[in-house]
>>> print(open('my_file.pdb').read())   # PDB, C-alpha atoms
ATOM      1  CA  MET A  24     -56.956  91.211  12.875
ATOM      2  CA  ILE A  25     -57.073  87.987  10.853
ATOM      3  CA  LEU A  26     -55.448  86.098  13.722
ATOM      4  CA  ALA A  27     -58.131  87.373  16.114
ATOM      5  CA  ILE A  28     -60.875  86.133  13.789
ATOM      6  CA  VAL A  29     -59.194  82.743  13.372
ATOM      7  CA  LEU A  30     -58.796  82.356  17.142
ATOM      8  CA  ALA A  31     -62.391  83.361  17.764
ATOM      9  CA  LEU A  32     -63.610  80.706  15.330
ATOM     10  CA  ALA A  33     -61.296  77.938  16.600
ATOM     11  CA  PRO A  34     -63.896  76.343  18.908
ATOM     12  CA  ALA A  35     -66.239  75.969  15.920
ATOM     13  CA  TRP A  36     -63.695  73.695  14.213
ATOM     14  CA  ALA A  37     -63.711  71.234  17.082
ATOM     15  CA  GLN A  38     -65.555  68.028  16.311
ATOM     16  CA  TYR A  39     -68.585  67.374  18.513
ATOM     17  CA  PRO A  40     -68.969  63.611  18.821
ATOM     18  CA  THR A  41     -72.360  62.016  18.462
ATOM     19  CA  THR A  42     -73.159  60.885  21.984
ATOM     20  CA  PRO A  43     -76.332  59.796  23.724
ATOM     21  CA  LYS A  44     -78.139  62.651  25.469
ATOM     22  CA  ASP A  45     -77.038  61.598  28.961
ATOM     23  CA  TYR A  46     -73.611  60.145  28.158
ATOM     24  CA  TYR A  47     -71.976  62.666  30.497
ATOM     25  CA  GLN A  48     -72.944  63.199  34.112
ATOM     26  CA  PHE A  49     -72.423  66.637  35.632
ATOM     27  CA  PRO A  50     -69.235  66.409  37.755
ATOM     28  CA  LEU A  51     -70.523  68.233  40.866
ATOM     29  CA  SER A  52     -73.725  67.359  42.745
ATOM     30  CA  PRO A  53     -75.330  65.592  39.753
ATOM     31  CA  GLY A  54     -79.014  66.391  39.365
ATOM     32  CA  GLU A  55     -78.893  69.468  41.598
ATOM     33  CA  GLN A  56     -79.047  73.073  40.398
ATOM     34  CA  ALA A  57     -75.566  74.347  39.488
ATOM     35  CA  PHE A  58     -74.304  77.820  38.658
ATOM     36  CA  LEU A  59     -71.366  78.946  36.570
ATOM     37  CA  SER A  60     -68.855  81.686  37.219
ATOM     38  CA  GLY A  61     -67.189  81.271  33.820
ATOM     39  CA  THR A  62     -68.350  80.028  30.433
ATOM     40  CA  MET A  63     -66.774  78.738  27.246
ATOM     41  CA  GLY A  64     -65.122  81.393  25.105
ATOM     42  CA  GLU A  65     -65.198  84.283  27.583
ATOM     43  CA  LEU A  66     -62.480  86.823  26.906
ATOM     44  CA  ARG A  67     -59.989  86.866  29.775
ATOM     45  CA  SER A  68     -57.051  89.255  30.170
ATOM     46  CA  THR A  69     -54.661  86.987  28.248
ATOM     47  CA  HIS A  70     -56.835  84.352  26.540
ATOM     48  CA  PHE A  71     -60.243  83.016  25.692
ATOM     49  CA  HIS A  72     -61.588  80.811  28.482
ATOM     50  CA  ALA A  73     -61.844  77.123  27.630
ATOM     51  CA  GLY A  74     -64.448  74.985  29.365
ATOM     52  CA  ILE A  75     -66.702  76.121  32.195
ATOM     53  CA  ASP A  76     -66.125  77.214  35.787
ATOM     54  CA  ILE A  77     -68.639  75.706  38.195
ATOM     55  CA  LYS A  78     -69.391  77.574  41.413
ATOM     56  CA  THR A  79     -68.866  75.713  44.700
ATOM     57  CA  LYS A  80     -70.653  78.177  47.008
ATOM     58  CA  GLY A  81     -67.296  79.699  47.971
ATOM     59  CA  ILE A  82     -66.062  76.522  49.632
ATOM     60  CA  GLU A  83     -63.570  73.782  48.863
ATOM     61  CA  GLY A  84     -64.058  70.074  49.337
ATOM     62  CA  LEU A  85     -67.165  69.284  47.279
ATOM     63  CA  LYS A  86     -67.070  65.798  45.779
ATOM     64  CA  VAL A  87     -66.074  65.675  42.105
ATOM     65  CA  TYR A  88     -67.345  62.751  40.025
ATOM     66  CA  ALA A  89     -66.272  61.179  36.727
ATOM     67  CA  ALA A  90     -68.504  62.472  33.943
ATOM     68  CA  ALA A  91     -68.432  59.178  32.002
ATOM     69  CA  ASP A  92     -66.776  55.756  31.867
ATOM     70  CA  GLY A  93     -63.091  55.651  30.987
ATOM     71  CA  TYR A  94     -59.735  55.924  32.701
ATOM     72  CA  ILE A  95     -57.484  58.580  34.177
ATOM     73  CA  SER A  96     -55.098  59.344  31.325
ATOM     74  CA  ARG A  97     -53.165  62.267  32.813
ATOM     75  CA  ILE A  98     -52.510  63.791  36.217
ATOM     76  CA  LYS A  99     -50.883  67.196  36.461
ATOM     77  CA  ILE A 100     -49.828  69.188  39.517
ATOM     78  CA  THR A 101     -48.622  72.767  39.024
ATOM     79  CA  THR A 102     -48.435  75.870  41.180
ATOM     80  CA  GLY A 103     -50.053  77.890  38.374
ATOM     81  CA  GLY A 104     -52.459  77.058  35.573
ATOM     82  CA  TYR A 105     -54.911  74.304  36.430
ATOM     83  CA  GLY A 106     -53.220  73.495  39.737
ATOM     84  CA  HIS A 107     -54.228  69.932  40.615
ATOM     85  CA  ALA A 108     -55.852  68.477  37.494
ATOM     86  CA  ILE A 109     -57.153  65.122  36.289
ATOM     87  CA  TYR A 110     -57.760  64.170  32.659
ATOM     88  CA  LEU A 111     -60.178  61.291  31.967
ATOM     89  CA  ARG A 112     -60.155  59.532  28.601
ATOM     90  CA  HIS A 113     -63.640  58.233  27.833
ATOM     91  CA  THR A 114     -64.796  55.208  25.882
ATOM     92  CA  ASN A 115     -66.078  57.484  23.079
ATOM     93  CA  GLY A 116     -62.572  58.976  22.650
ATOM     94  CA  THR A 117     -63.268  62.314  24.317
ATOM     95  CA  THR A 118     -61.381  63.594  27.353
ATOM     96  CA  SER A 119     -62.837  65.437  30.323
ATOM     97  CA  VAL A 120     -60.662  67.731  32.435
ATOM     98  CA  TYR A 121     -61.202  68.570  36.121
ATOM     99  CA  ALA A 122     -59.006  71.411  37.396
ATOM    100  CA  HIS A 123     -58.188  73.400  40.545
ATOM    101  CA  LEU A 124     -58.882  70.313  42.683
ATOM    102  CA  ARG A 125     -57.946  70.389  46.359
ATOM    103  CA  ASP A 126     -57.396  66.632  46.683
ATOM    104  CA  PHE A 127     -57.653  63.426  44.705
ATOM    105  CA  ARG A 128     -59.203  60.197  45.924
ATOM    106  CA  GLU A 129     -56.777  58.154  48.039
ATOM    107  CA  ASP A 130     -55.311  55.791  45.397
ATOM    108  CA  ILE A 131     -54.672  58.688  43.008
ATOM    109  CA  GLN A 132     -53.193  60.792  45.821
ATOM    110  CA  ARG A 133     -50.763  57.954  46.681
ATOM    111  CA  LYS A 134     -49.609  57.759  43.048
ATOM    112  CA  VAL A 135     -49.143  61.540  42.910
ATOM    113  CA  LEU A 136     -47.065  61.526  46.098
ATOM    114  CA  SER A 137     -44.873  58.629  44.949
ATOM    115  CA  THR A 138     -44.321  60.346  41.579
ATOM    116  CA  GLN A 139     -43.397  63.630  43.304
ATOM    117  CA  TYR A 140     -40.800  61.829  45.445
ATOM    118  CA  GLU A 141     -39.527  59.840  42.472
ATOM    119  CA  GLU A 142     -39.120  62.996  40.372
ATOM    120  CA  LYS A 143     -38.024  65.104  43.374
ATOM    121  CA  SER A 144     -40.498  67.772  42.333
ATOM    122  CA  TYR A 145     -43.789  69.162  43.602
ATOM    123  CA  GLU A 146     -44.857  69.864  40.031
ATOM    124  CA  VAL A 147     -45.497  66.655  38.096
ATOM    125  CA  ASP A 148     -47.214  65.780  34.847
ATOM    126  CA  PHE A 149     -47.651  62.083  34.108
ATOM    127  CA  TYR A 150     -49.738  59.680  32.061
ATOM    128  CA  PRO A 151     -50.959  56.595  33.955
ATOM    129  CA  LEU A 152     -51.648  53.374  32.094
ATOM    130  CA  GLU A 153     -55.252  52.610  31.183
ATOM    131  CA  ALA A 154     -55.322  49.774  33.743
ATOM    132  CA  ASP A 155     -54.038  51.986  36.597
ATOM    133  CA  PHE A 156     -57.156  54.081  37.230
ATOM    134  CA  PRO A 157     -60.268  52.872  35.399
ATOM    135  CA  VAL A 158     -63.400  54.844  36.286
ATOM    136  CA  LYS A 159     -67.115  54.473  35.856
ATOM    137  CA  ARG A 160     -69.523  57.339  35.341
ATOM    138  CA  GLY A 161     -70.262  58.782  38.781
ATOM    139  CA  ASP A 162     -67.111  57.465  40.508
ATOM    140  CA  LEU A 163     -65.538  59.856  42.997
ATOM    141  CA  ILE A 164     -62.241  61.195  41.627
ATOM    142  CA  GLY A 165     -61.468  64.105  43.961
ATOM    143  CA  TRP A 166     -62.626  67.221  45.777
ATOM    144  CA  SER A 167     -63.084  70.758  44.492
ATOM    145  CA  GLY A 168     -60.516  73.338  45.444
ATOM    146  CA  ASN A 169     -58.673  76.547  44.658
ATOM    147  CA  THR A 170     -55.263  75.383  43.367
ATOM    148  CA  GLY A 171     -53.198  76.845  40.539
ATOM    149  CA  SER A 172     -54.167  80.148  38.942
ATOM    150  CA  SER A 173     -57.560  80.230  40.602
ATOM    151  CA  HIS A 174     -59.131  83.276  42.206
ATOM    152  CA  GLY A 175     -61.562  81.440  44.440
ATOM    153  CA  PRO A 176     -62.926  77.948  45.008
ATOM    154  CA  HIS A 177     -64.551  76.417  41.917
ATOM    155  CA  LEU A 178     -64.276  73.465  39.558
ATOM    156  CA  HIS A 179     -62.956  74.082  36.061
ATOM    157  CA  PHE A 180     -64.470  71.467  33.720
ATOM    158  CA  GLU A 181     -63.757  70.750  30.058
ATOM    159  CA  ILE A 182     -64.710  68.187  27.457
ATOM    160  CA  ARG A 183     -62.183  67.741  24.634
ATOM    161  CA  ASP A 184     -62.560  65.981  21.307
ATOM    162  CA  LEU A 185     -60.257  63.307  19.848
ATOM    163  CA  ASN A 186     -57.743  66.027  18.858
ATOM    164  CA  GLN A 187     -57.812  67.603  22.336
ATOM    165  CA  GLN A 188     -59.772  70.612  21.053
ATOM    166  CA  VAL A 189     -61.952  71.988  23.833
ATOM    167  CA  LEU A 190     -65.688  71.599  23.283
ATOM    168  CA  ASN A 191     -68.388  73.572  25.053
ATOM    169  CA  PRO A 192     -69.549  71.246  27.868
ATOM    170  CA  LEU A 193     -72.960  72.920  27.858
ATOM    171  CA  LYS A 194     -73.624  71.386  24.416
ATOM    172  CA  PHE A 195     -73.826  67.984  26.147
ATOM    173  CA  HIS A 196     -77.153  68.386  27.948
ATOM    174  CA  PHE A 197     -76.656  69.498  31.536
ATOM    175  CA  PRO A 198     -80.188  70.828  32.176
ATOM    176  CA  ASN A 199     -79.595  71.947  35.776
ATOM    177  CA  VAL A 200     -76.929  74.520  34.917
ATOM    178  CA  GLY A 201     -77.582  78.241  35.222
ATOM    179  CA  ARG A 202     -75.361  81.285  34.991
ATOM    180  CA  SER A 203     -74.884  83.691  37.885
ATOM    181  CA  ASN A 204     -72.300  86.343  38.638
TER     182      ASN A 204
END
>>> encode(input="my_file.pdb", output="structure tokens")
Amino acid sequence: MILAIVLALAPAWAQYPTTPKDYYQFPLSPGEQAFLSGTMGELRSTHFHAGIDIKTKGIEGLKVYAAADGYISRIKITTGGYGHAIYLRHTNGTTSVYAHLRDFREDIQRKVLSTQYEEKSYEVDFYPLEADFPVKRGDLIGWSGNTGSSHGPHLHFEIRDLNQQVLNPLKFHFPNVGRSN
């Protein structure tokens, strides 16, 4: 019982950085109405959901954009979990996560492929150097998909604090986001 209470309160311990109101750009179709299929803290069969799931109208291949300036700090490819995922470290120290992607932009895709061949493994998890993949807010980083433990096309999006604790992205002013089932 105590463990359940502690786990339920864990997101409250995360440190929300002080950021300008529009520091982050919404990662899909910025400025357009967006709907969610999953929200922060929802109880799932084996865990509490971290981040938000953004609907993609049941299709794959929507452009995914960097939420803020920074660099790609981690790229992970797995058959389960987040599937094809990118982690961006931002200039304010936070990290944004983009998961279940179908494809990455071409330069990232080339690095993924070379790493897979080098490691002789489809599943890879690596940490590029800061100079390898710098990004600006609004840069294309990939396309939405349905990879990993996904049950339909969507974009899983997180913002993490300096300690990699997941923060509720909706606390960062995305006014065009609604919830629909």
>>> closest_residue(input="my_file.pdb", among="A:Ile164, A:Leu136, A:Ile75, A:Ile182", to="Phe58 (chain A)", atoms="all atoms listed in the file")
A:Ile75
>>> closest_residue(input="my_file.pdb", among="A:Asp162, A:Asp130, A:Glu141, A:Glu83", to="Phe49 (chain A)", atoms="all atoms listed in the file")
A:Asp162
>>> resolve_selection(input="my_file.pdb", expression="the PyMOL selection byres ((chain A and resi 172) around 12)", output="JSON, numbers by chain")
{"A": [100, 101, 102, 103, 104, 105, 106, 107, 108, 122, 123, 124, 168, 169, 170, 171, 173, 174, 175, 176, 177, 179]}
>>> resolve_selection(input="my_file.pdb", expression="the PyMOL selection byres ((chain A and resi 197) around 9)", output="MDAnalysis selection string")
chainID A and resid 45 47:49 54 192:196 198:200
>>> closest_residue(input="my_file.pdb", among="A:Gln139, A:Thr114, A:Ser167, A:Ser52", to="Ile95 (chain A)", atoms="only C-alpha atoms")
A:Thr114
>>> resolve_selection(input="my_file.pdb", expression="the PyMOL selection byres ((chain A and resi 91) around 12)", output="PyMOL selection string")
chain A and resi 42-43+45-50+88-90+92-95+110-120+157-164+182+195
>>> closest_residue(input="my_file.pdb", among="A:Tyr121, A:Arg97, A:Glu153, A:Gln188", to="Val135 (chain A)", atoms="only C-alpha atoms")
A:Arg97
>>> atom_distance(input="my_file.pdb", atom1="CA of Pro53 (chain A)", atom2="CA of Leu152 (chain A)")
27.7 Å
>>> atom_distance(input="my_file.pdb", atom1="CA of Phe180 (chain A)", atom2="CA of Asp148 (chain A)")
18.2 Å
>>> closest_residue(input="my_file.pdb", among="A:Lys80, A:Arg183, A:Lys99, A:Lys86", to="Tyr150 (chain A)", atoms="only C-alpha atoms")
A:Lys99
>>> atom_distance(input="my_file.pdb", atom1="CA of Asn191 (chain A)", atom2="CA of Gln132 (chain A)")
28.7 Å
>>> decode(input="my_file.pdb", residues="region 139-193 of chain A", atoms="C-alpha atoms", output="PDB file, in the first residue's frame")
ATOM      1  CA  GLN A 139      23.311  -1.802 -36.385  1.00  0.00           C
ATOM      2  CA  TYR A 140      25.873  -3.287 -38.793  1.00  0.00           C
ATOM      3  CA  GLU A 141      28.757  -2.407 -36.485  1.00  0.00           C
ATOM      4  CA  GLU A 142      27.042  -4.055 -33.505  1.00  0.00           C
ATOM      5  CA  LYS A 143      25.545  -6.852 -35.647  1.00  0.00           C
ATOM      6  CA  SER A 144      22.188  -6.230 -34.013  1.00  0.00           C
ATOM      7  CA  TYR A 145      18.831  -4.785 -35.017  1.00  0.00           C
ATOM      8  CA  GLU A 146      18.336  -3.506 -31.481  1.00  0.00           C
ATOM      9  CA  VAL A 147      20.739  -0.678 -30.656  1.00  0.00           C
ATOM     10  CA  ASP A 148      20.967   1.944 -27.948  1.00  0.00           C
ATOM     11  CA  PHE A 149      23.631   4.610 -28.395  1.00  0.00           C
ATOM     12  CA  TYR A 150      24.542   8.121 -27.316  1.00  0.00           C
ATOM     13  CA  PRO A 151      25.735  10.410 -30.134  1.00  0.00           C
ATOM     14  CA  LEU A 152      28.102  13.265 -29.386  1.00  0.00           C
ATOM     15  CA  GLU A 153      26.605  16.730 -28.991  1.00  0.00           C
ATOM     16  CA  ALA A 154      28.198  17.819 -32.289  1.00  0.00           C
ATOM     17  CA  ASP A 155      26.769  14.850 -34.246  1.00  0.00           C
ATOM     18  CA  PHE A 156      23.112  15.904 -34.421  1.00  0.00           C
ATOM     19  CA  PRO A 157      22.439  19.466 -33.253  1.00  0.00           C
ATOM     20  CA  VAL A 158      18.816  20.541 -33.708  1.00  0.00           C
ATOM     21  CA  LYS A 159      16.858  23.748 -33.659  1.00  0.00           C
ATOM     22  CA  ARG A 160      13.290  24.078 -32.460  1.00  0.00           C
ATOM     23  CA  GLY A 161      11.060  22.988 -35.342  1.00  0.00           C
ATOM     24  CA  ASP A 162      13.685  20.890 -37.174  1.00  0.00           C
ATOM     25  CA  LEU A 163      12.374  17.680 -38.710  1.00  0.00           C
ATOM     26  CA  ILE A 164      13.695  14.667 -36.783  1.00  0.00           C
ATOM     27  CA  GLY A 165      11.522  11.814 -38.068  1.00  0.00           C
ATOM     28  CA  TRP A 166       8.087  10.467 -38.927  1.00  0.00           C
ATOM     29  CA  SER A 167       5.383   9.075 -36.664  1.00  0.00           C
ATOM     30  CA  GLY A 168       4.853   5.350 -36.616  1.00  0.00           C
ATOM     31  CA  ASN A 169       3.738   2.240 -34.774  1.00  0.00           C
ATOM     32  CA  THR A 170       7.004   0.576 -33.672  1.00  0.00           C
ATOM     33  CA  GLY A 171       7.748  -1.202 -30.403  1.00  0.00           C
ATOM     34  CA  SER A 172       4.963  -1.986 -27.948  1.00  0.00           C
ATOM     35  CA  SER A 173       2.452   0.206 -29.728  1.00  0.00           C
ATOM     36  CA  HIS A 174      -1.146  -0.729 -30.433  1.00  0.00           C
ATOM     37  CA  GLY A 175      -1.720   1.693 -33.275  1.00  0.00           C
ATOM     38  CA  PRO A 176      -0.049   4.647 -34.965  1.00  0.00           C
ATOM     39  CA  HIS A 177       0.700   7.542 -32.598  1.00  0.00           C
ATOM     40  CA  LEU A 178       3.565   9.611 -31.232  1.00  0.00           C
ATOM     41  CA  HIS A 179       4.613   9.065 -27.633  1.00  0.00           C
ATOM     42  CA  PHE A 180       6.103  12.323 -26.301  1.00  0.00           C
ATOM     43  CA  GLU A 181       7.810  13.064 -22.990  1.00  0.00           C
ATOM     44  CA  ILE A 182       9.662  15.919 -21.358  1.00  0.00           C
ATOM     45  CA  ARG A 183      12.135  14.890 -18.641  1.00  0.00           C
ATOM     46  CA  ASP A 184      13.884  17.005 -16.037  1.00  0.00           C
ATOM     47  CA  LEU A 185      17.631  17.119 -15.307  1.00  0.00           C
ATOM     48  CA  ASN A 186      17.344  13.821 -13.374  1.00  0.00           C
ATOM     49  CA  GLN A 187      15.426  12.123 -16.207  1.00  0.00           C
ATOM     50  CA  GLN A 188      12.181  12.206 -14.206  1.00  0.00           C
ATOM     51  CA  VAL A 189       9.231  12.434 -16.576  1.00  0.00           C
ATOM     52  CA  LEU A 190       7.296  15.696 -16.420  1.00  0.00           C
ATOM     53  CA  ASN A 191       3.770  16.223 -17.685  1.00  0.00           C
ATOM     54  CA  PRO A 192       4.245  17.804 -21.143  1.00  0.00           C
ATOM     55  CA  LEU A 193       0.849  19.485 -20.853  1.00  0.00           C
TER      56      LEU A 193
END
